[in-house]
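So this block is protein_11.tsv, TSV, C-alpha atoms:
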```
chain	number	residue	atom	x	y	z
J	1	MET	CA	-26.40	-15.08	-19.70
J	2	THR	CA	-29.81	-16.77	-19.65
J	3	ASP	CA	-32.65	-15.29	-17.62
J	4	LYS	CA	-33.91	-18.69	-16.49
J	5	PRO	CA	-33.92	-18.98	-12.68
J	6	VAL	CA	-30.97	-21.02	-11.47
J	7	ALA	CA	-33.27	-23.33	-9.47
J	8	GLU	CA	-35.02	-24.42	-12.68
J	9	MET	CA	-31.88	-25.10	-14.69
J	10	ALA	CA	-30.95	-28.57	-15.91
J	11	PHE	CA	-27.44	-29.75	-15.16
J	12	GLU	CA	-26.06	-28.89	-18.58
J	13	GLU	CA	-27.56	-25.40	-18.45
J	14	ALA	CA	-26.19	-24.67	-14.98
J	15	MET	CA	-22.77	-26.07	-15.88
J	16	ALA	CA	-22.57	-24.04	-19.08
J	17	ALA	CA	-23.62	-20.88	-17.26
J	18	LEU	CA	-21.07	-21.59	-14.52
J	19	GLU	CA	-18.30	-22.03	-17.07
J	20	GLY	CA	-19.30	-18.71	-18.61
J	21	VAL	CA	-19.13	-16.97	-15.22
J	22	VAL	CA	-15.74	-18.48	-14.38
J	23	THR	CA	-14.33	-17.49	-17.78
J	24	GLN	CA	-15.53	-13.92	-17.34
J	25	LEU	CA	-14.05	-13.69	-13.84
J	26	GLU	CA	-10.76	-15.19	-14.92
J	27	ARG	CA	-10.37	-12.93	-17.92
J	28	GLY	CA	-10.72	-9.86	-15.74
J	29	GLU	CA	-13.25	-8.38	-18.16
J	30	VAL	CA	-15.73	-7.74	-15.41
J	31	LYS	CA	-16.18	-4.37	-13.74
J	32	LEU	CA	-14.98	-4.19	-10.15
J	33	GLU	CA	-18.43	-3.05	-9.10
J	34	GLU	CA	-20.15	-6.02	-10.77
J	35	SER	CA	-17.62	-8.66	-9.89
J	36	ILE	CA	-19.22	-9.67	-6.59
J	37	ALA	CA	-22.68	-10.10	-8.17
J	38	LEU	CA	-21.15	-12.36	-10.80
J	39	TYR	CA	-19.32	-14.31	-8.12
J	40	GLU	CA	-22.56	-14.81	-6.20
J	41	ARG	CA	-24.24	-16.06	-9.39
J	42	GLY	CA	-21.34	-18.45	-9.84
J	43	ALA	CA	-21.82	-19.75	-6.30
J	44	ALA	CA	-25.56	-20.27	-6.93
J	45	LEU	CA	-24.85	-22.14	-10.17
J	46	LYS	CA	-22.28	-24.32	-8.44
J	47	ALA	CA	-24.79	-25.15	-5.70
J	48	ARG	CA	-27.40	-26.04	-8.35
J	49	CYS	CA	-24.96	-28.37	-10.09
J	50	GLU	CA	-24.11	-30.03	-6.79
J	51	VAL	CA	-27.79	-30.61	-5.96
J	52	LEU	CA	-28.42	-32.20	-9.37
J	53	LEU	CA	-25.32	-34.36	-9.09
J	54	ARG	CA	-26.33	-35.54	-5.64
J	55	GLU	CA	-29.84	-36.39	-6.86
J	56	ALA	CA	-28.36	-38.36	-9.74
J	57	GLU	CA	-26.01	-40.20	-7.39
J	58	GLU	CA	-28.90	-41.15	-5.12
J	59	LYS	CA	-30.83	-42.51	-8.10
J	60	VAL	CA	-27.88	-44.55	-9.29
J	61	GLU	CA	-27.50	-45.90	-5.78
J	62	LYS	CA	-31.17	-46.96	-5.70
J	63	ILE	CA	-30.71	-48.78	-8.98
J	64	ARG	CA	-27.59	-50.49	-7.69
J	65	LEU	CA	-29.36	-51.65	-4.53
J	66	ALA	CA	-32.27	-52.92	-6.60
J	67	GLU	CA	-30.05	-54.96	-8.89
J	68	GLY	CA	-31.01	-58.62	-9.16
J	69	ARG	CA	-34.56	-57.91	-8.07
J	70	ALA	CA	-37.41	-57.36	-10.49
J	71	VAL	CA	-38.23	-53.87	-9.36
J	72	GLY	CA	-37.22	-52.12	-12.55
J	73	THR	CA	-35.40	-48.84	-12.55
J	74	GLU	CA	-36.57	-45.35	-11.84
J	75	PRO	CA	-36.00	-42.82	-14.60
J	76	VAL	CA	-33.13	-40.43	-14.05
J	77	THR	CA	-34.59	-36.99	-14.60
J	78	GLY	CA	-32.93	-33.63	-14.38
J	79	LEU	CA	-29.76	-34.84	-16.00
S	1	MET	CA	2.56	7.84	13.97
S	2	LEU	CA	2.15	10.18	11.01
S	3	VAL	CA	-1.07	10.47	9.00
S	4	TYR	CA	-0.88	12.15	5.61
S	5	SER	CA	-3.95	13.54	3.90
S	6	HIS	CA	-5.04	16.42	1.69
S	7	SER	CA	-8.30	18.15	0.80
S	8	ALA	CA	-7.60	17.33	-2.86
S	9	SER	CA	-8.78	13.77	-2.10
S	10	SER	CA	-12.31	15.17	-2.00
S	11	ASP	CA	-11.95	16.85	-5.40
S	12	HIS	CA	-11.75	13.47	-7.14
S	13	VAL	CA	-15.46	13.17	-7.82
S	14	THR	CA	-17.07	10.04	-9.24
S	15	PRO	CA	-20.58	9.78	-10.77
S	16	LEU	CA	-23.58	9.42	-8.47
S	17	GLY	CA	-23.84	5.88	-7.15
S	18	HIS	CA	-20.17	5.05	-7.68
S	19	PRO	CA	-18.83	3.17	-4.64
S	20	GLU	CA	-15.39	4.83	-4.65
S	21	ARG	CA	-16.85	8.16	-3.65
S	22	VAL	CA	-15.93	11.43	-1.94
S	23	ALA	CA	-17.89	10.45	1.18
S	24	ARG	CA	-15.27	7.78	1.89
S	25	MET	CA	-12.88	10.52	3.01
S	26	ALA	CA	-15.33	11.79	5.64
S	27	ALA	CA	-15.69	8.21	6.89
S	28	VAL	CA	-11.91	7.89	7.13
S	29	GLU	CA	-11.69	11.22	8.96
S	30	GLN	CA	-14.37	10.10	11.38
S	31	GLY	CA	-12.33	6.98	12.05
S	32	LEU	CA	-9.16	8.96	12.65
S	33	ALA	CA	-10.80	11.53	14.93
S	34	GLY	CA	-9.15	11.79	18.32
S	35	LEU	CA	-6.37	9.31	17.64
S	36	ALA	CA	-2.90	10.12	18.95
S	37	VAL	CA	-1.31	10.70	15.56
S	38	GLU	CA	0.53	13.59	13.95
S	39	ARG	CA	-1.39	14.94	10.96
S	40	ARG	CA	0.54	16.18	7.93
S	41	GLU	CA	-0.54	17.51	4.56
S	42	CYS	CA	0.50	15.57	1.48
S	43	PRO	CA	2.88	17.43	-0.80
S	44	LEU	CA	2.13	17.23	-4.51
S	45	GLY	CA	3.78	14.25	-6.16
S	46	THR	CA	5.79	14.89	-9.30
S	47	ARG	CA	5.78	13.46	-12.80
S	48	GLU	CA	9.20	11.96	-11.97
S	49	ASP	CA	7.64	10.13	-9.02
S	50	VAL	CA	5.07	8.52	-11.30
S	51	LEU	CA	7.84	7.65	-13.77
S	52	LEU	CA	9.48	5.48	-11.11
S	53	CYS	CA	6.89	2.88	-12.12
S	54	HIS	CA	4.92	4.02	-15.17
S	55	PRO	CA	6.03	5.01	-18.67
S	56	ALA	CA	5.75	8.77	-19.34
S	57	SER	CA	3.03	8.02	-21.89
S	58	HIS	CA	0.74	6.68	-19.13
S	59	HIS	CA	1.20	9.75	-16.94
S	60	ASP	CA	0.73	12.12	-19.85
S	61	ARG	CA	-2.33	10.31	-21.15
S	62	ILE	CA	-4.04	10.54	-17.75
S	63	LEU	CA	-3.17	14.22	-17.44
S	64	ALA	CA	-4.43	14.96	-20.94
S	65	ALA	CA	-7.67	13.05	-20.31
S	66	VAL	CA	-8.69	15.18	-17.30
S	67	PRO	CA	-11.98	16.89	-18.22
S	68	VAL	CA	-12.73	20.59	-17.74
S	69	ASP	CA	-16.08	19.61	-16.27
S	70	GLY	CA	-18.10	16.44	-15.90
S	71	TRP	CA	-16.28	13.15	-16.30
S	72	ALA	CA	-13.93	11.28	-18.56
S	73	GLN	CA	-14.34	7.50	-18.35
S	74	LEU	CA	-11.17	5.41	-18.62
S	75	ASP	CA	-12.71	1.95	-18.22
S	76	GLY	CA	-15.92	0.41	-16.91
S	77	ASP	CA	-15.09	1.48	-13.35
S	78	THR	CA	-12.62	4.33	-13.58
S	79	TYR	CA	-13.51	7.99	-14.00
S	80	LEU	CA	-11.64	11.28	-14.07
S	81	SER	CA	-13.22	14.48	-12.81
S	82	PRO	CA	-11.51	17.90	-13.04
S	83	GLY	CA	-9.81	17.33	-9.65
S	84	SER	CA	-8.75	13.71	-10.18
S	85	TYR	CA	-5.20	14.25	-11.37
S	86	GLN	CA	-4.41	16.54	-8.44
S	87	ALA	CA	-5.96	14.07	-6.03
S	88	ALA	CA	-3.93	11.17	-7.41
S	89	MET	CA	-0.75	13.25	-7.31
S	90	ARG	CA	-1.38	14.18	-3.65
S	91	ALA	CA	-1.68	10.46	-2.90
S	92	VAL	CA	1.63	9.83	-4.68
S	93	GLY	CA	3.19	12.83	-2.90
S	94	GLY	CA	1.85	11.71	0.47
S	95	MET	CA	3.32	8.27	-0.06
S	96	GLY	CA	6.68	9.80	-0.97
S	97	ALA	CA	6.70	12.09	2.07
S	98	ALA	CA	5.65	9.23	4.33
S	99	VAL	CA	8.46	7.00	3.04
S	100	ASP	CA	10.98	9.82	3.48
S	101	ALA	CA	9.77	10.60	7.00
S	102	VAL	CA	9.80	6.99	8.19
S	103	LEU	CA	13.21	6.31	6.64
S	104	GLY	CA	14.42	9.58	8.16
S	105	GLY	CA	13.45	8.30	11.61
S	106	GLU	CA	10.70	10.86	12.21
S	107	ALA	CA	8.24	8.08	13.04
S	108	GLY	CA	8.03	4.32	12.93
S	109	ALA	CA	4.75	4.23	11.08
S	110	ALA	CA	2.72	6.37	8.71
S	111	PHE	CA	-0.70	6.12	7.08
S	112	VAL	CA	-1.53	7.82	3.80
S	113	ALA	CA	-5.26	8.56	3.87
S	114	CYS	CA	-5.93	9.53	0.28
S	115	ARG	CA	-8.03	8.59	-2.71
S	116	PRO	CA	-8.14	7.52	-5.49
S	117	PRO	CA	-6.61	4.17	-4.56
S	118	GLY	CA	-3.70	2.78	-6.59
S	119	HIS	CA	-3.14	-0.97	-6.47
S	120	HIS	CA	-5.06	-1.85	-9.65
S	121	ALA	CA	-3.19	0.64	-11.87
S	122	GLU	CA	-0.88	-1.25	-14.23
S	123	ALA	CA	2.12	0.23	-16.03
S	124	ARG	CA	0.07	1.46	-18.99
S	125	ARG	CA	-3.48	1.03	-17.79
S	126	ALA	CA	-5.69	2.84	-15.29
S	127	MET	CA	-8.34	0.47	-13.99
S	128	GLY	CA	-10.47	-0.50	-11.02
S	129	PHE	CA	-10.77	3.09	-9.65
S	130	CYS	CA	-6.95	3.49	-9.79
S	131	LEU	CA	-4.77	5.85	-11.84
S	132	PHE	CA	-1.20	5.51	-10.55
S	133	GLY	CA	0.39	2.72	-8.51
S	134	THR	CA	0.90	4.71	-5.33
S	135	VAL	CA	2.33	1.91	-3.21
S	136	ALA	CA	4.59	0.53	-5.96
S	137	ILE	CA	5.88	4.05	-6.52
S	138	GLY	CA	6.63	4.24	-2.78
S	139	ALA	CA	8.57	0.97	-3.02
S	140	MET	CA	10.67	2.22	-5.94
S	141	ARG	CA	11.33	5.47	-4.11
S	142	ALA	CA	12.71	3.49	-1.17
S	143	LEU	CA	14.80	1.20	-3.37
S	144	ASP	CA	16.08	3.66	-5.99
S	145	ARG	CA	16.19	7.02	-4.24
S	146	HIS	CA	17.02	5.86	-0.72
S	147	GLY	CA	19.05	2.86	-1.86
S	148	LEU	CA	17.36	0.43	0.54
S	149	PRO	CA	18.35	-3.18	-0.14
S	150	ARG	CA	14.98	-4.79	0.59
S	151	VAL	CA	11.39	-3.63	0.68
S	152	ALA	CA	8.24	-5.67	1.29
S	153	ILE	CA	4.63	-4.90	0.41
S	154	VAL	CA	1.60	-6.56	1.99
S	155	ASP	CA	-1.75	-5.98	0.27
S	156	PHE	CA	-4.78	-6.98	2.32
S	157	ASP	CA	-7.37	-5.26	0.15
S	158	VAL	CA	-10.05	-7.82	-0.78
S	159	HIS	CA	-9.20	-7.45	-4.46
S	160	HIS	CA	-5.91	-8.65	-5.89
S	161	GLY	CA	-3.30	-5.91	-6.32
S	162	ASN	CA	-2.75	-6.68	-9.99
S	163	GLY	CA	-1.27	-3.25	-10.61
S	164	THR	CA	1.35	-3.50	-7.89
S	165	GLN	CA	2.19	-6.99	-9.09
S	166	ASP	CA	2.51	-5.76	-12.68
S	167	LEU	CA	4.65	-2.73	-11.79
S	168	LEU	CA	7.01	-4.77	-9.59
S	169	TRP	CA	6.99	-8.08	-11.49
S	170	ASP	CA	10.71	-7.79	-12.34
S	171	GLU	CA	11.76	-6.13	-9.07
S	172	GLY	CA	13.68	-8.82	-7.18
S	173	ASP	CA	14.33	-6.57	-4.19
S	174	CYS	CA	10.67	-6.09	-3.35
S	175	LEU	CA	8.51	-8.84	-1.89
S	176	PHE	CA	4.87	-8.45	-2.87
S	177	ALA	CA	2.46	-10.50	-0.75
S	178	SER	CA	-1.27	-10.24	-1.35
S	179	SER	CA	-4.34	-11.84	0.19
S	180	HIS	CA	-7.55	-11.46	-1.78
S	181	GLN	CA	-10.90	-13.08	-2.42
S	182	MET	CA	-10.88	-15.38	-5.43
S	183	PRO	CA	-12.65	-15.59	-7.76
S	184	LEU	CA	-13.29	-11.86	-7.78
S	185	TYR	CA	-12.16	-8.76	-9.64
S	186	PRO	CA	-9.67	-8.40	-11.30
S	187	GLY	CA	-9.25	-12.18	-11.81
S	188	SER	CA	-5.49	-12.32	-11.23
S	189	GLY	CA	-3.66	-13.38	-8.08
S	190	ARG	CA	-3.30	-17.13	-8.43
S	191	PRO	CA	-0.58	-18.79	-6.34
S	192	GLU	CA	1.24	-19.70	-9.59
S	193	GLU	CA	1.86	-15.98	-10.24
S	194	LYS	CA	5.21	-15.66	-8.51
S	195	GLY	CA	7.04	-12.74	-10.12
S	196	ALA	CA	10.21	-12.83	-12.23
S	197	HIS	CA	12.35	-13.67	-9.19
S	198	GLY	CA	9.85	-15.65	-7.13
S	199	GLN	CA	9.24	-12.54	-5.03
S	200	VAL	CA	5.46	-12.41	-5.51
S	201	LEU	CA	3.30	-14.32	-3.04
S	202	ASN	CA	-0.39	-14.64	-3.80
S	203	VAL	CA	-2.75	-16.04	-1.19
S	204	PRO	CA	-6.27	-16.31	-2.59
S	205	LEU	CA	-9.11	-16.72	-0.09
S	206	ARG	CA	-12.51	-18.29	-0.74
S	207	GLY	CA	-15.65	-16.22	-0.48
S	208	GLY	CA	-16.87	-16.30	3.12
S	209	THR	CA	-13.40	-16.47	4.67
S	210	ASP	CA	-13.72	-15.08	8.18
S	211	GLY	CA	-11.25	-13.38	10.47
S	212	ALA	CA	-10.08	-16.61	12.10
S	213	ALA	CA	-9.29	-18.23	8.75
S	214	MET	CA	-7.62	-15.03	7.55
S	215	ARG	CA	-5.42	-14.94	10.66
S	216	ALA	CA	-4.45	-18.57	10.14
S	217	ALA	CA	-3.48	-17.85	6.51
S	218	TYR	CA	-1.39	-14.86	7.56
S	219	GLU	CA	0.29	-16.78	10.36
S	220	ARG	CA	1.06	-19.70	8.09
S	221	VAL	CA	2.13	-17.97	4.88
S	222	ILE	CA	2.32	-14.18	4.63
S	223	LEU	CA	3.79	-13.16	8.00
S	224	PRO	CA	6.63	-15.73	7.91
S	225	ALA	CA	7.44	-14.65	4.34
S	226	VAL	CA	7.69	-11.01	5.40
S	227	ALA	CA	9.74	-11.87	8.48
S	228	ASP	CA	12.13	-14.02	6.40
S	229	TRP	CA	12.48	-11.22	3.87
S	230	LYS	CA	13.81	-8.92	6.64
S	231	PRO	CA	12.56	-5.78	4.90
S	232	ASP	CA	14.17	-2.41	5.53
S	233	LEU	CA	10.71	-0.95	4.98
S	234	LEU	CA	7.24	-2.50	4.89
S	235	LEU	CA	4.56	-0.90	2.75
S	236	VAL	CA	0.93	-1.89	3.18
S	237	SER	CA	-1.91	-1.60	0.68
S	238	ALA	CA	-4.56	-1.12	3.31
S	239	GLY	CA	-7.94	-1.81	1.77
S	240	PHE	CA	-10.78	-2.38	4.19
S	241	ASP	CA	-13.21	-4.07	1.80
S	242	ALA	CA	-12.70	-7.55	3.23
S	243	HIS	CA	-15.01	-6.36	6.04
S	244	ARG	CA	-18.20	-8.42	6.21
S	245	ALA	CA	-20.35	-5.34	5.53
S	246	ASP	CA	-18.61	-4.39	2.31
S	247	PRO	CA	-20.92	-4.38	-0.71
S	248	LEU	CA	-18.24	-5.19	-3.29
S	249	ALA	CA	-16.91	-8.43	-1.85
S	250	GLY	CA	-17.80	-11.48	0.19
S	251	LEU	CA	-15.26	-11.99	2.96
S	252	GLU	CA	-16.29	-11.88	6.60
S	253	TRP	CA	-13.62	-9.88	8.41
S	254	GLU	CA	-14.44	-7.42	11.16
S	255	ALA	CA	-12.79	-4.23	12.39
S	256	GLU	CA	-10.89	-6.16	15.05
S	257	ASP	CA	-9.28	-8.25	12.34
S	258	PHE	CA	-7.72	-5.09	10.92
S	259	ARG	CA	-6.42	-4.24	14.40
S	260	TRP	CA	-4.87	-7.70	14.53
S	261	LEU	CA	-3.29	-7.15	11.11
S	262	ALA	CA	-1.80	-3.85	12.25
S	263	ALA	CA	-0.21	-5.55	15.25
S	264	ARG	CA	1.18	-8.53	13.39
S	265	LEU	CA	2.42	-6.50	10.41
S	266	TRP	CA	4.16	-4.12	12.80
S	267	GLU	CA	5.81	-7.06	14.57
S	268	VAL	CA	7.29	-8.52	11.38
S	269	SER	CA	8.19	-5.17	9.80
S	270	GLY	CA	11.42	-4.36	11.55
S	271	GLY	CA	9.88	-1.11	12.78
S	272	ARG	CA	9.26	0.89	9.61
S	273	VAL	CA	5.76	0.73	8.10
S	274	VAL	CA	3.96	2.98	5.62
S	275	SER	CA	0.34	2.06	4.92
S	276	SER	CA	-1.79	3.54	2.16
S	277	LEU	CA	-5.56	3.50	1.87
S	278	GLU	CA	-6.95	1.36	-0.94
S	279	GLY	CA	-10.58	0.11	-0.94
S	280	GLY	CA	-13.40	-0.05	1.62
S	281	TYR	CA	-16.90	0.88	0.45
S	282	ASP	CA	-19.24	0.47	3.39
S	283	LEU	CA	-18.80	3.78	5.15
S	284	PRO	CA	-19.41	2.74	8.79
S	285	ALA	CA	-17.21	-0.35	8.29
S	286	LEU	CA	-14.50	1.75	6.65
S	287	SER	CA	-14.59	4.23	9.50
S	288	GLU	CA	-14.43	1.59	12.21
S	289	SER	CA	-11.76	-0.48	10.42
S	290	VAL	CA	-9.45	2.46	9.68
S	291	ARG	CA	-9.75	3.46	13.32
S	292	ALA	CA	-8.87	0.01	14.60
S	293	TYR	CA	-5.94	-0.35	12.20
S	294	VAL	CA	-4.40	3.10	12.73
S	295	GLU	CA	-5.03	3.12	16.47
S	296	GLU	CA	-3.16	-0.15	16.91
S	297	MET	CA	-0.31	0.81	14.59
S	298	ALA	CA	0.03	4.16	16.42
S	299	ARG	CA	0.05	2.46	19.81
S	300	LEU	CA	2.73	-0.04	18.86
S	301	SER	CA	4.96	2.39	16.96
S	302	ALA	CA	4.86	5.09	19.65
```

How would this structure read if it were set down as structure tokens?
Amino acid sequence: MTDKPVAEMAFEEAMAALEGVVTQLERGEVKLEESIALYERGAALKARCEVLLREAEEKVEKIRLAEGRAVGTEPVTGL
Amino acid sequence: MLVYSHSASSDHVTPLGHPERVARMAAVEQGLAGLAVERRECPLGTREDVLLCHPASHHDRILAAVPVDGWAQLDGDTYLSPGSYQAAMRAVGGMGAAVDAVLGGEAGAAFVACRPPGHHAEARRAMGFCLFGTVAIGAMRALDRHGLPRVAIVDFDVHHGNGTQDLLWDEGDCLFASSHQMPLYPGSGRPEEKGAHGQVLNVPLRGGTDGAAMRAAYERVILPAVADWKPDLLLVSAGFDAHRADPLAGLEWEAEDFRWLAARLWEVSGGRVVSSLEGGYDLPALSESVRAYVEEMARLSA
């Protein structure tokens, strides 16, 4: 598990960390006492992924609306 | 209503900071104080009782692992202290006596107020604070020793009752219905887990599920399943850790939701209910929730 704050993670990092959390929870390897903390981390990672996806969608939408006009495209960052 | 307990429950000592701790019993007692129930002492369960569900090797390994002082650790969560075996066997004995008393017509309902809890203990594996599958053992007692045709178990502890499910996976005469937060420890409890005869019913709930959503899930799925089963006895794994204050989980139930559960479970039970304490780790919430649950069950079964 990386120590990087969830809010600073790129999409791939958050997704990989989320997959790790889900695998741990599903395997039942986690202590009862620690399970809820891991679940909360999973929820935070999921929220981070959703934010990044939404940002990406908005950027794609801007590009789509700008199509046919010479405004160029904005770089998609954070993906 | 009968309430079974024993001082041995307080001799199962866990390391400092462990949530499943001796102080839980005082919280339960505080919740029970002044209720119109008949208090009885748990007899000691027997090795044969445990063998209704577990192989002898599991029982003997637990017994042999009991330390003379300090602790023996069985997994990341589960500890034995010198008094742990006796405590677990009083829980098993209390369950047995409660089943016998309710089936003997002495009362409509009983509550076994003991620790350690039992619903995570699998056939050959102690885990999640649990040593023996107290409630599953109660079900097998009713089926095998009393010859009841049909038993049902409802488990509303916030964690999935993987142990009960494991112990009764092949038992077609016992419905096992569980609601639990998912994902959460122990990771099992998906709806696809249905038991060898389709008699297992898992109802996972998302983190944050409140009392209203819980009631809707029970009304839609679990209560009709129990009513259709027409059990001759209903056993309940009564964990109170779905309370919003509980530190080990993330559901949002309140004490009044446990009162509601008591009422609805009584209504679908056919009039014979034995409940056994499982989890619940916020002491004021445990106290208040046990009170609400037992008070309502006592009122309706009187």

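For the pair atom CA of S:Thr78 and atom CA of S:Leu175, the interatomic distance is 27.5 Å.
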
Query - Test item: chain S residues at most 8 Å from chain J, counting only C-alpha atoms, as a VMD selection string - result: chain S and resid 19 76 to 77 128 183 to 188 248 to 250

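With atom CA of S:Trp169 on one side and atom CA of S:Pro204 on the other, the separation reads 18.0 Å.
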
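Between atom CA of S:Val50 and atom CA of S:Val22 the interatomic distance comes to 23.2 Å.
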
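Residues near the point (-1.7, -8.1, 0.2), at a distance of 8 Å or less over only C-alpha atoms, make up S:Ile153, S:Val154, S:Asp155, S:Phe156, S:Asp157, S:His160, S:Gly161, S:Phe176, S:Ala177, S:Ser178, S:Ser179, S:His180, S:Asn202, S:Val236, S:Ser237.
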
Report task. Write out as a count of residues only each polymer residue whose atoms come within 10 Å of stretch 7-12 of chain S, counting all atoms listed in the file; drop sequence neighbours fewer than 4 positions from it. Result -> 27

Would you compute an axis-aligned box for stretch 22-34 of chain S, covering every atom listed for it in the file with 4 Å of margin on each side, and report centre and edge lengths in Å to one decimal as AutoDock Vina command-line options?
```
--center_x -13.5 --center_y 9.4 --center_z 8.2 --size_x 16.7 --size_y 12.8 --size_z 28.3
```

Query raised in the report: Closest to J:Gly20 among J:Leu45, J:Ala66, J:Val51, J:Ala56, using all atoms listed in the file?
Result: J:Leu45

Requested in this report: Dig up all the protein and nucleic acid residues within 10 Å of (0.2, 6.7, -6.7) in the file frame, using only C-alpha atoms, and format them as a PyMOL selection string.
Outcome: chain S and resi 45+49-50+53+87-96+114-119+121+130-138+276

Requested in this report: Tell me which protein, DNA and RNA residues are within 9 Å of S:Asp232, counting only C-alpha atoms, leaving out same-chain ones fewer than 3 positions away, and put them as a ChimeraX atom specification.
Outcome: /S:103,148-152,269-272
